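Raw query_28.tsv, TSV, C-alpha atoms:
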chain	number	residue	atom	x	y	z
C	912	MET	CA	27.11	-19.84	-21.32
C	913	THR	CA	28.14	-23.41	-20.59
C	914	SER	CA	29.82	-25.31	-17.76
C	915	LYS	CA	33.18	-27.10	-17.87
C	916	ASP	CA	31.58	-30.21	-19.37
C	917	ASN	CA	30.07	-28.00	-22.11
C	918	THR	CA	26.48	-28.39	-20.87
C	919	PRO	CA	24.32	-25.26	-20.62
C	920	PHE	CA	23.98	-23.70	-17.19
C	921	THR	CA	20.52	-23.84	-15.68
C	922	GLU	CA	18.72	-20.66	-14.61
C	923	ASP	CA	19.48	-21.41	-10.94
C	924	GLU	CA	23.17	-21.98	-11.71
C	925	LEU	CA	23.40	-18.70	-13.58
C	926	CYS	CA	21.72	-16.83	-10.73
C	927	ALA	CA	24.32	-18.25	-8.37
C	928	ILE	CA	27.13	-16.99	-10.64
C	929	TRP	CA	25.86	-13.57	-11.67
C	930	SER	CA	26.19	-10.41	-9.61
C	931	ASP	CA	23.15	-8.36	-8.61
C	932	ASP	CA	23.60	-5.89	-11.45
C	933	THR	CA	23.50	-8.73	-13.96
C	934	LEU	CA	20.57	-10.45	-12.23
C	935	ALA	CA	18.60	-7.20	-12.44
C	936	ILE	CA	18.89	-7.27	-16.23
C	937	ARG	CA	19.14	-10.93	-17.21
C	938	SER	CA	17.45	-13.20	-14.66
C	939	GLY	CA	13.99	-14.73	-14.72
C	940	PHE	CA	13.45	-14.55	-18.47
C	941	GLU	CA	13.45	-17.25	-21.15
C	942	ARG	CA	12.88	-16.15	-24.73
C	943	SER	CA	10.00	-17.59	-26.67
C	944	GLN	CA	10.16	-19.12	-30.12
C	945	TYR	CA	10.41	-15.59	-31.56
C	946	GLY	CA	13.72	-14.83	-29.85
C	947	GLU	CA	12.67	-11.45	-28.47
C	948	HIS	CA	15.56	-9.53	-26.86
C	949	SER	CA	13.40	-7.53	-24.44
C	950	GLU	CA	10.77	-8.98	-22.13
C	951	PRO	CA	7.31	-8.95	-23.75
C	952	ILE	CA	4.06	-7.73	-22.21
C	953	MET	CA	1.61	-10.62	-22.18
C	954	THR	CA	-1.66	-8.69	-22.33
C	955	THR	CA	-4.16	-11.52	-22.24
C	956	SER	CA	-6.68	-12.45	-19.59
C	957	SER	CA	-6.88	-16.16	-20.46
C	958	TYR	CA	-5.08	-18.89	-22.42
C	959	VAL	CA	-6.29	-21.35	-25.05
C	960	PHE	CA	-5.76	-25.09	-24.59
C	961	LYS	CA	-5.39	-27.70	-27.29
C	962	SER	CA	-8.01	-29.96	-25.75
C	963	ALA	CA	-10.39	-30.37	-22.83
C	964	SER	CA	-7.96	-32.88	-21.39
C	965	GLU	CA	-5.08	-30.39	-21.48
C	966	ALA	CA	-7.24	-27.74	-19.84
C	967	ALA	CA	-8.28	-30.14	-17.09
C	968	LYS	CA	-4.69	-31.14	-16.38
C	969	ARG	CA	-3.55	-27.51	-16.30
C	970	PHE	CA	-6.37	-26.43	-14.00
C	971	GLY	CA	-5.84	-29.50	-11.83
C	972	GLY	CA	-2.14	-28.83	-11.42
C	973	GLU	CA	-1.00	-31.99	-13.19
C	974	THR	CA	0.91	-29.98	-15.79
C	975	LYS	CA	2.58	-26.58	-15.57
C	976	GLY	CA	1.68	-23.52	-17.60
C	977	PRO	CA	-0.47	-20.38	-17.51
C	978	ILE	CA	-4.16	-20.72	-16.73
C	979	TYR	CA	-5.59	-17.28	-16.07
C	980	SER	CA	-3.78	-13.96	-15.71
C	981	ARG	CA	-5.13	-13.34	-12.22
C	982	PHE	CA	-2.50	-15.74	-10.91
C	983	THR	CA	-0.40	-16.96	-13.84
C	984	ASN	CA	0.87	-14.36	-16.28
C	985	PRO	CA	4.28	-14.77	-17.95
C	986	THR	CA	5.22	-11.09	-17.71
C	987	VAL	CA	4.32	-10.93	-14.02
C	988	GLN	CA	6.30	-14.11	-13.47
C	989	ILE	CA	9.41	-12.57	-15.02
C	990	PHE	CA	9.17	-9.72	-12.50
C	991	GLU	CA	8.58	-12.18	-9.66
C	992	ASN	CA	11.53	-14.37	-10.64
C	993	ARG	CA	13.84	-11.39	-11.01
C	994	LEU	CA	12.93	-9.78	-7.69
C	995	ALA	CA	13.27	-13.13	-5.90
C	996	ALA	CA	16.75	-13.52	-7.37
C	997	LEU	CA	17.77	-10.02	-6.26
C	998	GLU	CA	16.46	-10.54	-2.71
C	999	GLY	CA	17.97	-14.01	-2.47
C	1000	GLY	CA	14.58	-15.62	-1.90
C	1001	GLU	CA	13.18	-18.86	-3.26
C	1002	ALA	CA	10.08	-17.28	-4.78
C	1003	CYS	CA	8.01	-14.12	-5.12
C	1004	ILE	CA	4.43	-13.10	-5.80
C	1005	GLY	CA	3.43	-9.79	-7.34
C	1006	ALA	CA	0.39	-7.85	-6.15
C	1007	ALA	CA	-1.71	-4.89	-7.21
C	1008	SER	CA	-0.03	-2.53	-4.70
C	1009	GLY	CA	2.28	-2.55	-1.73
C	1010	MET	CA	-0.73	-2.66	0.59
C	1011	ALA	CA	-2.24	-5.49	-1.49
C	1012	ALA	CA	1.02	-7.39	-0.99
C	1013	THR	CA	0.82	-6.89	2.78
C	1014	ALA	CA	-2.85	-7.89	2.85
C	1015	THR	CA	-2.13	-10.97	0.73
C	1016	LEU	CA	0.58	-12.06	3.15
C	1017	LEU	CA	-1.59	-11.53	6.24
C	1018	LEU	CA	-4.86	-12.96	4.93
C	1019	GLY	CA	-3.12	-15.76	3.07
C	1020	THR	CA	-1.32	-17.06	6.16
C	1021	LEU	CA	-3.14	-15.95	9.33
C	1022	GLN	CA	-6.35	-17.19	10.89
C	1023	GLN	CA	-8.60	-16.41	13.83
C	1024	GLY	CA	-6.69	-16.63	17.11
C	1025	ASP	CA	-3.28	-15.81	15.61
C	1026	GLU	CA	-1.26	-12.89	16.89
C	1027	VAL	CA	1.02	-10.33	15.28
C	1028	VAL	CA	3.60	-8.06	16.90
C	1029	ALA	CA	4.34	-4.77	15.18
C	1030	THR	CA	5.23	-1.16	15.85
C	1031	ARG	CA	3.48	2.10	15.03
C	1032	ASN	CA	6.76	3.23	13.44
C	1033	MET	CA	5.53	2.25	9.98
C	1034	PHE	CA	3.76	3.62	6.94
C	1035	GLY	CA	0.39	5.05	7.97
C	1036	SER	CA	-1.71	2.71	5.81
C	1037	THR	CA	0.08	-0.32	7.27
C	1038	VAL	CA	-0.71	0.87	10.79
C	1039	ASN	CA	-4.36	1.37	9.82
C	1040	LEU	CA	-4.58	-2.10	8.26
C	1041	PHE	CA	-3.18	-3.72	11.39
C	1042	LYS	CA	-5.18	-1.61	13.82
C	1043	ASN	CA	-8.57	-1.26	12.15
C	1044	PHE	CA	-9.00	-4.43	10.08
C	1045	LEU	CA	-7.04	-7.41	11.42
C	1046	PRO	CA	-8.96	-7.42	14.74
C	1047	ARG	CA	-12.21	-7.84	12.76
C	1048	TYR	CA	-10.98	-11.30	11.75
C	1049	GLY	CA	-9.98	-12.36	15.24
C	1050	ILE	CA	-6.30	-11.58	14.74
C	1051	THR	CA	-4.69	-9.80	17.68
C	1052	VAL	CA	-2.03	-7.16	17.10
C	1053	HIS	CA	0.36	-6.25	19.91
C	1054	TRP	CA	2.06	-2.87	19.56
C	1055	ALA	CA	5.69	-2.49	20.57
C	1056	ASP	CA	7.33	0.82	21.37
C	1057	GLY	CA	10.22	1.72	19.08
C	1058	LEU	CA	12.64	-0.75	17.53
C	1059	ASP	CA	14.48	-2.00	20.60
C	1060	VAL	CA	14.04	-5.77	20.40
C	1061	GLU	CA	13.94	-5.97	24.21
C	1062	ASN	CA	10.65	-4.04	24.16
C	1063	TRP	CA	9.18	-6.58	21.74
C	1064	ALA	CA	10.18	-9.77	23.56
C	1065	PRO	CA	7.43	-9.68	26.25
C	1066	LEU	CA	4.77	-9.37	23.53
C	1067	VAL	CA	5.79	-12.54	21.67
C	1068	ASN	CA	4.24	-15.88	22.65
C	1069	SER	CA	3.19	-19.23	21.23
C	1070	LYS	CA	0.29	-17.61	19.36
C	1071	THR	CA	2.56	-15.13	17.57
C	1072	LYS	CA	2.79	-15.97	13.88
C	1073	ILE	CA	4.34	-12.78	12.49
C	1074	ILE	CA	6.72	-10.12	13.72
C	1075	TYR	CA	6.41	-7.23	11.28
C	1076	LEU	CA	8.68	-4.22	10.90
C	1077	GLU	CA	10.08	-1.62	8.54
C	1078	THR	CA	13.75	-0.78	8.44
C	1079	PRO	CA	14.46	2.03	7.80
C	1080	THR	CA	11.10	3.26	9.05
C	1081	ASN	CA	8.82	5.69	7.28
C	1082	PRO	CA	9.39	8.64	7.79
C	1083	LEU	CA	11.98	8.81	10.62
C	1084	THR	CA	14.52	6.36	9.09
C	1085	GLN	CA	14.86	4.39	12.33
C	1086	ILE	CA	16.82	1.15	11.96
C	1087	ALA	CA	15.91	-2.28	13.34
C	1088	ASP	CA	18.49	-4.98	14.05
C	1089	ILE	CA	17.16	-7.60	11.62
C	1090	SER	CA	19.29	-10.44	13.02
C	1091	ALA	CA	18.10	-9.79	16.58
C	1092	PHE	CA	14.45	-9.69	15.52
C	1093	ALA	CA	14.90	-12.87	13.47
C	1094	GLU	CA	16.32	-14.63	16.53
C	1095	LEU	CA	13.33	-13.49	18.60
C	1096	ALA	CA	10.84	-14.62	15.96
C	1097	HIS	CA	12.41	-18.01	15.40
C	1098	ALA	CA	12.65	-18.74	19.13
C	1099	HIS	CA	8.83	-18.66	19.13
C	1100	HIS	CA	8.37	-20.36	15.73
C	1101	ALA	CA	7.14	-17.10	14.21
C	1102	GLN	CA	8.12	-15.46	10.94
C	1103	LEU	CA	9.97	-12.16	10.68
C	1104	VAL	CA	8.55	-9.93	7.95
C	1105	VAL	CA	10.59	-6.92	6.82
C	1106	ASP	CA	9.31	-4.10	4.65
C	1107	ASN	CA	12.33	-3.33	2.45
C	1108	CYS	CA	10.73	-0.47	0.54
C	1109	PHE	CA	13.19	2.26	1.53
C	1110	CYS	CA	16.33	0.27	0.72
C	1111	THR	CA	15.35	-2.28	-1.95
C	1112	PRO	CA	17.67	-5.27	-2.52
C	1113	ALA	CA	20.19	-2.88	-4.06
C	1114	LEU	CA	21.02	-1.60	-0.56
C	1115	GLN	CA	19.74	-4.24	1.87
C	1116	LYS	CA	18.85	-7.93	1.81
C	1117	PRO	CA	16.82	-8.80	4.92
C	1118	LEU	CA	16.79	-12.52	4.14
C	1119	GLN	CA	20.57	-12.60	4.55
C	1120	PHE	CA	20.12	-11.39	8.12
C	1121	GLY	CA	17.58	-14.05	9.02
C	1122	ALA	CA	14.26	-12.50	7.95
C	1123	ASP	CA	11.73	-14.94	6.52
C	1124	VAL	CA	9.68	-12.61	4.32
C	1125	VAL	CA	10.34	-9.37	2.46
C	1126	ILE	CA	7.56	-6.96	1.51
C	1127	HIS	CA	7.82	-4.36	-1.26
C	1128	SER	CA	5.80	-1.49	-2.58
C	1129	ALA	CA	7.04	-1.74	-6.15
C	1130	THR	CA	5.37	1.63	-6.69
C	1131	LYS	CA	8.40	3.26	-5.13
C	1132	TYR	CA	12.04	2.58	-6.05
C	1133	LEU	CA	11.46	-0.65	-7.97
C	1134	ASP	CA	9.62	1.42	-10.56
C	1135	GLY	CA	11.72	4.51	-9.94
C	1136	GLN	CA	9.75	6.98	-12.02
C	1137	GLY	CA	6.35	7.16	-10.34
C	1138	ARG	CA	4.49	5.45	-13.17
C	1139	CYS	CA	2.71	2.40	-11.79
C	1140	VAL	CA	1.32	0.92	-8.59
C	1141	GLY	CA	2.32	-2.56	-7.47
C	1142	GLY	CA	3.68	-4.69	-4.65
C	1143	ALA	CA	5.45	-7.96	-3.98
C	1144	VAL	CA	6.15	-10.59	-1.33
C	1145	VAL	CA	9.41	-12.56	-1.38
C	1146	GLY	CA	9.97	-15.67	0.72
C	1147	SER	CA	10.10	-19.45	0.67
C	1148	ALA	CA	8.54	-21.46	-2.12
C	1149	GLU	CA	6.14	-22.96	0.44
C	1150	LEU	CA	4.95	-19.52	1.53
C	1151	ILE	CA	4.49	-18.22	-2.01
C	1152	GLU	CA	2.49	-21.33	-2.89
C	1153	LYS	CA	0.07	-20.47	-0.06
C	1154	LEU	CA	-0.16	-16.86	-1.20
C	1155	THR	CA	-0.75	-17.96	-4.80
C	1156	ALA	CA	-3.75	-19.96	-3.58
C	1157	PHE	CA	-5.08	-16.81	-1.89
C	1158	MET	CA	-4.33	-14.71	-4.99
C	1159	ARG	CA	-6.17	-17.24	-7.16
C	1160	SER	CA	-9.32	-16.83	-5.07
C	1161	ALA	CA	-9.16	-13.21	-3.91
C	1162	GLY	CA	-7.52	-11.64	-6.96
C	1163	PRO	CA	-5.33	-8.71	-5.73
C	1164	CYS	CA	-3.02	-9.36	-8.68
C	1165	MET	CA	-0.42	-7.29	-10.51
C	1166	SER	CA	-1.23	-6.28	-14.07
C	1167	PRO	CA	1.08	-7.43	-16.90
C	1168	PHE	CA	1.77	-3.88	-18.02
C	1169	ASN	CA	2.74	-2.76	-14.53
C	1170	ALA	CA	4.94	-5.84	-14.15
C	1171	TRP	CA	6.73	-4.92	-17.37
C	1172	VAL	CA	7.34	-1.38	-16.07
C	1173	PHE	CA	8.80	-2.81	-12.86
C	1174	ILE	CA	11.01	-5.18	-14.86
C	1175	LYS	CA	12.45	-2.20	-16.69
C	1176	GLY	CA	12.84	-0.37	-13.37
C	1177	LEU	CA	14.88	-3.20	-11.88
C	1178	GLU	CA	17.40	-2.86	-14.71
C	1179	THR	CA	18.54	0.53	-13.40
C	1180	LEU	CA	17.82	0.01	-9.69
C	1181	SER	CA	21.42	-0.27	-8.51
C	1182	LEU	CA	22.56	2.82	-10.40
C	1183	ARG	CA	19.60	4.86	-9.22
C	1184	MET	CA	19.92	3.88	-5.56
C	1185	GLU	CA	23.59	4.85	-5.61
C	1186	ARG	CA	22.73	8.32	-6.92
C	1187	HIS	CA	19.75	8.75	-4.57
C	1188	SER	CA	22.00	7.90	-1.63
C	1189	GLN	CA	24.87	10.16	-2.64
C	1190	SER	CA	22.60	13.17	-3.01
C	1191	ALA	CA	20.66	12.42	0.19
C	1192	ALA	CA	23.90	12.22	2.18
C	1193	THR	CA	25.01	15.59	0.80
C	1194	LEU	CA	21.69	17.23	1.64
C	1195	ALA	CA	21.51	15.66	5.10
C	1196	GLN	CA	24.92	17.04	6.02
C	1197	TRP	CA	23.93	20.49	4.80
C	1198	LEU	CA	20.53	20.49	6.53
C	1199	ASP	CA	22.07	19.27	9.77
C	1200	SER	CA	23.75	22.63	10.27
C	1201	HIS	CA	20.97	24.82	8.85
C	1202	PRO	CA	19.58	27.39	11.34
C	1203	ALA	CA	15.97	26.74	10.28
C	1204	ILE	CA	16.25	23.02	11.04
C	1205	ALA	CA	15.89	21.62	14.55
C	1206	ARG	CA	16.87	18.04	13.67
C	1207	VAL	CA	17.64	15.84	10.68
C	1208	HIS	CA	16.80	12.13	10.57
C	1209	TYR	CA	19.17	10.26	8.25
C	1210	PRO	CA	21.08	7.01	8.97
C	1211	GLY	CA	24.29	8.40	7.50
C	1212	LEU	CA	24.66	11.21	10.04
C	1213	ASP	CA	26.76	10.87	13.17
C	1214	SER	CA	23.76	12.17	15.12
C	1215	HIS	CA	21.59	9.23	14.03
C	1216	PRO	CA	21.37	6.72	16.92
C	1217	ASN	CA	21.50	3.74	14.57
C	1218	LYS	CA	24.26	4.88	12.22
C	1219	ASP	CA	26.55	1.91	12.97
C	1220	LEU	CA	23.72	-0.62	12.65
C	1221	ALA	CA	22.65	0.90	9.34
C	1222	ALA	CA	26.24	0.63	8.09
C	1223	ARG	CA	26.26	-3.09	8.94
C	1224	GLN	CA	22.95	-3.90	7.28
C	1225	GLN	CA	22.82	-1.47	4.37
C	1226	LYS	CA	25.16	-0.79	1.48
C	1227	THR	CA	24.42	2.96	1.84
C	1228	PRO	CA	22.13	4.97	4.16
C	1229	GLY	CA	19.56	5.40	1.39
C	1230	GLY	CA	17.83	8.21	-0.46
C	1231	ILE	CA	15.24	9.34	2.09
C	1232	LEU	CA	15.61	11.77	4.97
C	1233	SER	CA	13.29	13.77	7.17
C	1234	PHE	CA	13.86	16.99	9.04
C	1235	GLU	CA	12.10	19.00	11.72
C	1236	VAL	CA	11.58	22.66	10.86
C	1237	VAL	CA	11.92	25.23	13.62
C	1238	GLY	CA	8.45	26.68	14.20
C	1239	ASN	CA	6.32	23.51	13.95
C	1240	LYS	CA	3.50	22.94	11.43
C	1241	GLU	CA	3.13	26.48	10.13
C	1242	ALA	CA	6.85	26.75	9.35
C	1243	ALA	CA	6.92	23.28	7.81
C	1244	TRP	CA	4.00	24.17	5.54
C	1245	ARG	CA	5.60	27.47	4.52
C	1246	CYS	CA	8.76	25.59	3.56
C	1247	ILE	CA	6.84	23.00	1.54
C	1248	ASP	CA	4.67	25.61	-0.17
C	1249	ALA	CA	7.75	27.56	-1.25
C	1250	VAL	CA	9.53	24.80	-3.17
C	1251	LYS	CA	9.86	25.28	-6.91
C	1252	LEU	CA	11.81	22.19	-8.03
C	1253	CYS	CA	10.68	19.57	-5.50
C	1254	SER	CA	7.28	17.97	-6.05
C	1255	ILE	CA	4.74	18.21	-3.22
C	1256	THR	CA	3.42	14.65	-3.12
C	1257	GLY	CA	3.13	11.73	-0.75
C	1258	ASN	CA	4.93	9.32	-3.06
C	1259	LEU	CA	8.63	8.47	-2.85
C	1260	GLY	CA	11.26	6.58	-4.82
C	1261	ASP	CA	10.80	8.76	-7.90
C	1262	ALA	CA	13.41	10.20	-10.23
C	1263	ARG	CA	11.96	13.54	-9.12
C	1264	THR	CA	12.60	14.78	-5.59
C	1265	THR	CA	9.40	14.70	-3.54
C	1266	ILE	CA	8.55	16.52	-0.34
C	1267	THR	CA	5.63	16.00	2.03
C	1268	HIS	CA	4.27	16.71	5.50
C	1269	PRO	CA	3.76	13.21	6.98
C	1270	ALA	CA	1.48	14.26	9.84
C	1271	THR	CA	-1.18	15.48	7.39
C	1272	THR	CA	-0.56	13.19	4.40
C	1273	THR	CA	1.04	9.72	4.59
C	1274	HIS	CA	0.34	9.41	8.32
C	1275	GLY	CA	-2.68	11.70	8.50
C	1276	ARG	CA	-5.22	8.90	8.99
C	1277	ILE	CA	-3.60	7.45	12.10
C	1278	SER	CA	-4.49	8.98	15.44
C	1279	ALA	CA	-2.64	11.95	16.90
C	1280	GLU	CA	-1.71	9.70	19.82
C	1281	ASP	CA	-0.12	7.12	17.51
C	1282	ARG	CA	1.78	9.84	15.68
C	1283	GLN	CA	3.07	11.19	18.98
C	1284	ILE	CA	4.17	7.73	20.10
C	1285	SER	CA	5.93	7.26	16.76
C	1286	GLY	CA	7.70	10.63	16.99
C	1287	ILE	CA	5.96	12.13	13.96
C	1288	GLY	CA	5.57	15.77	14.94
C	1289	ASP	CA	3.79	18.61	13.16
C	1290	GLY	CA	7.10	20.19	12.16
C	1291	LEU	CA	8.41	17.07	10.41
C	1292	VAL	CA	9.05	17.15	6.66
C	1293	ARG	CA	10.00	14.08	4.61
C	1294	LEU	CA	12.28	14.46	1.60
C	1295	ALA	CA	12.70	11.64	-0.91
C	1296	VAL	CA	15.75	12.75	-2.86
C	1297	GLY	CA	15.51	12.34	-6.61
C	1298	LEU	CA	18.01	12.17	-9.44
C	1299	GLU	CA	18.23	15.88	-10.22
C	1300	ASP	CA	21.54	17.66	-9.71
C	1301	VAL	CA	22.02	17.88	-5.96
C	1302	VAL	CA	23.10	21.53	-6.27
C	1303	ASP	CA	19.70	22.38	-7.74
C	1304	ILE	CA	17.85	20.47	-5.02
C	1305	GLN	CA	19.84	22.24	-2.32
C	1306	SER	CA	19.20	25.64	-3.89
C	1307	ASP	CA	15.48	24.95	-3.97
C	1308	LEU	CA	15.43	23.92	-0.31
C	1309	GLU	CA	17.55	26.92	0.65
C	1310	GLN	CA	15.08	29.41	-0.79
C	1311	ALA	CA	12.14	27.42	0.63
C	1312	LEU	CA	13.58	27.32	4.13
C	1313	ALA	CA	14.07	31.08	3.96
C	1314	GLN	CA	10.26	31.30	3.87
C	1315	ALA	CA	9.75	28.99	6.86

For this file, write the structure as structure tokens.
Amino acid sequence: MTSKDNTPFTEDELCAIWSDDTLAIRSGFERSQYGEHSEPIMTTSSYVFKSASEAAKRFGGETKGPIYSRFTNPTVQIFENRLAALEGGEACIGAASGMAATATLLLGTLQQGDEVVATRNMFGSTVNLFKNFLPRYGITVHWADGLDVENWAPLVNSKTKIIYLETPTNPLTQIADISAFAELAHAHHAQLVVDNCFCTPALQKPLQFGADVVIHSATKYLDGQGRCVGGAVVGSAELIEKLTAFMRSAGPCMSPFNAWVFIKGLETLSLRMERHSQSAATLAQWLDSHPAIARVHYPGLDSHPNKDLAARQQKTPGGILSFEVVGNKEAAWRCIDAVKLCSITGNLGDARTTITHPATTTHGRISAEDRQISGIGDGLVRLAVGLEDVVDIQSDLEQALAQA
């Protein structure tokens, strides 16, 4: 493709022209001398230099090029470039897992005396990282109740470096007003970090609403088939440069093979998220009137308190819902144990529908008090809707709920 003056478009110019569906397939990749059509897996730990001088210049940063796969691998860089393009960020860094991505961001930017404001309405491992480990390094975490920005404002001060949130939250699908939180963060020269795992850039782009950093567990929807573990941080080029320095020393890196799997996952992300969302909406409407269900949490329902906000920020309400079974834990477990199609597992974002009991799995390691504050009761069940025929999923849940 060339411009009006018949000169080839640069990568940045093409990214500005192409739609998301095209970016997901074409961006971030330059063919080698062999002209390969599909992205290659660069399975090498190190790289050979033509001379000691070339090696010194590469290691010293005088010239560009791969050095060691812990922090410069061409396949990983294709994934990073592509995800950055989809999120609308300047740069991205891949990590060994979603939690490794979060840890890389925190340890690569914070220092003793810094403060973070967050909420317990997050993935259980994220809560544990913030609560049990950050204080060991002299980093103070202030906990806000819910996602009302007014409750967060008194906790933010000149020492606050990061405001961290999920939207939608795991597992209650609560929605945060990203623009309002960005305004709060920037008024105190802090950065707003948004975990975009539930939506992905196919449904939501936090940077467009003022967020500074986007966190991903690539293990989930970016892969889409439950094959590999990985994570990513998207943000400014300046931020990613800092995180690359941390990655170079600490080493929580993404493997080339996993990066290649995620690259292939991005190619179908938009199509998959559309199907996940359509089926989830159908099931949420059905469950909302089911006699065995006390409440359904899904941003597409009229009963969801943040339905209008979700509609403004997200392309669709997403593919994840949770519901409270009448009869508390025992009934919830009977329902889960009775499924025949759905997979009983703590993972989500898979082509296969997954079902889990958050209070004893994904959020089982946080305290009962924190679960209560977050609204995660013993009767809550999380359903990550897959790509099976929605009629079959509904039939499976119908017979399972009959056992609750």

Using all atoms listed in the file, tabulate the residues of region 1050-1128 of chain C lying at most 8 Å from any atom of region 994-1012 of chain C, each with its closest atom pair and that distance in Å to one decimal, by chain and increasing residue number, as a Markdown table.
| residue | atom | partner | partner_atom | distance |
| --- | --- | --- | --- | --- |
| C:Pro1112 | CA | C:Glu998 | CA | 5.4 |
| C:Ala1113 | CA | C:Leu997 | CA | 7.9 |
| C:Lys1116 | CA | C:Glu998 | CA | 5.7 |
| C:Pro1117 | CA | C:Glu998 | CA | 7.8 |
| C:Leu1118 | CA | C:Gly999 | CA | 6.9 |
| C:Gln1119 | CA | C:Gly999 | CA | 7.6 |
| C:Ile1126 | CA | C:Ala1012 | CA | 7.0 |
| C:His1127 | CA | C:Gly1009 | CA | 5.8 |
| C:Ser1128 | CA | C:Gly1009 | CA | 3.8 |

Selection: 10 Å around His1274 (chain C), all atoms listed in the file, excl. self and same-chain fewer than 5 positions, as a list in words: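 Selected residues are Met1033, Phe1034, Gly1035, Ser1036, Thr1037, Val1038, Asn1039, Asn1081, Pro1082, Gly1257, His1268, Pro1269, Ala1279, Asp1281, Arg1282 and Ile1287 of chain C.
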
Best match for closeness to Ser1285 (chain C) among C:Asp1056, C:Glu973, C:Glu941, C:Glu1026, counting only C-alpha atoms: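 So, comparing all the options, the nearest one is C:Asp1056.
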
Exercise: Ser1166 (chain C) partners within 9 Å, only C-alpha atoms, chain neighbours under 4 positions left out, as a list in words: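 Final neighbour list, sorted by chain and number: Thr954, Ser980, Arg981, Asn984, Thr986, Val987, Gly1005, Ala1006, Ala1007, Gly1141, Ala1170 and Trp1171 of chain C.
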
Option closest in space to Phe1157 (chain C), from C:Val1067, C:Cys926, C:Leu1016, C:Leu1133 [counting all atoms listed in the file]: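 So, comparing all the options, the nearest one is C:Leu1016.
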
Polymer residues at most 9 Å from region 1085-1087 of chain C, all atoms listed in the file, same-chain spacing of 6 or more positions, as a list in words: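 Residues near the query, excluding close chain neighbours: Asn1032, Gly1057, Leu1058, Asp1059, Val1060, Leu1076, Glu1077, Thr1078, Pro1079, His1208, Tyr1209, Pro1210, His1215, Pro1216, Asn1217, Lys1218, Leu1220 and Ala1221 of chain C.
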
Around all the atoms of region 1122-1138 of chain C listed in the file, draw an axis-aligned box and extend it by 5 Å on each of the six sides; I want its centre and edge lengths in Å to one decimal, as AutoDock Vina command-line options.
--center_x 9.4 --center_y -3.9 --center_z -2.6 --size_x 19.8 --size_y 32.1 --size_z 31.1

Within 10 Å of region 1040-1047 of chain C using all atoms listed in the file, minus same-chain residues under 3 positions, as a short mmCIF file (atom, residue, chain, number, x, y, z; two decimals) with C-alpha atoms, in the coordinates of the input:
data_model
loop_
_atom_site.label_atom_id
_atom_site.label_comp_id
_atom_site.auth_asym_id
_atom_site.auth_seq_id
_atom_site.Cartn_x
_atom_site.Cartn_y
_atom_site.Cartn_z
CA MET C 1010 -0.73 -2.66 0.59
CA THR C 1013 0.82 -6.89 2.78
CA ALA C 1014 -2.85 -7.89 2.85
CA LEU C 1017 -1.59 -11.53 6.24
CA LEU C 1018 -4.86 -12.96 4.93
CA LEU C 1021 -3.14 -15.95 9.33
CA GLN C 1022 -6.35 -17.19 10.89
CA GLN C 1023 -8.60 -16.41 13.83
CA GLY C 1024 -6.69 -16.63 17.11
CA GLU C 1026 -1.26 -12.89 16.89
CA VAL C 1027 1.02 -10.33 15.28
CA VAL C 1028 3.60 -8.06 16.90
CA ALA C 1029 4.34 -4.77 15.18
CA THR C 1030 5.23 -1.16 15.85
CA ARG C 1031 3.48 2.10 15.03
CA GLY C 1035 0.39 5.05 7.97
CA SER C 1036 -1.71 2.71 5.81
CA THR C 1037 0.08 -0.32 7.27
CA ILE C 1050 -6.30 -11.58 14.74
CA THR C 1051 -4.69 -9.80 17.68
CA VAL C 1052 -2.03 -7.16 17.10
CA HIS C 1053 0.36 -6.25 19.91
CA TRP C 1054 2.06 -2.87 19.56
CA ILE C 1277 -3.60 7.45 12.10
#

Computed interatomic separation between CA of Lys961 (chain C) and CA of Gly946 (chain C) (Å):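 Going from CA of Lys961 (chain C) over to CA of Gly946 (chain C), I get 23.2 Å.
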
Spatial neighbours of Gly1230 (chain C), 8 Å, all atoms listed in the file, chain gap at least 6 places, as a ChimeraX atom specification: /C:1109,1184,1187-1192,1295-1297

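Using all atoms listed in the file for every distance, the candidate list C:Thr1080, C:Ser930, C:Thr1256, C:Ser1233 yields C:Ser1233 as the residue closest to Gly1288 (chain C).
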
Closest of C:Gln988, C:Thr1155, C:Thr974, C:Thr1111 to Asp931 (chain C) - atom-to-atom distances counting only C-alpha atoms: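 Checking each candidate against Asp931 (chain C), we get C:Thr1111 as the closest.
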
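Straight-line separation from CA of Ile936 (chain C) to CA of Pro977 (chain C): 23.4 Å.
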
Top pick for closest residue to Thr1227 (chain C), considering C:Ser1181, C:Asn992, C:Gln1314, C:Gln944 and counting all atoms listed in the file: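 Nearest to Thr1227 (chain C): C:Ser1181.
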
Exercise: residues within 6 Å of coordinate (9.1, -6.7, 3.2), counting only C-alpha atoms, as a PyMOL selection string: chain C and resi 1104-1107+1125-1127

Distance criterion (all atoms listed in the file): nearest to Ala1243 (chain C) out of C:Lys1226, C:Leu1182, C:Trp1197, C:Leu1308: C:Leu1308

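The coordinates place CA of Arg1263 (chain C) at 20.5 Å from CA of Arg1245 (chain C).
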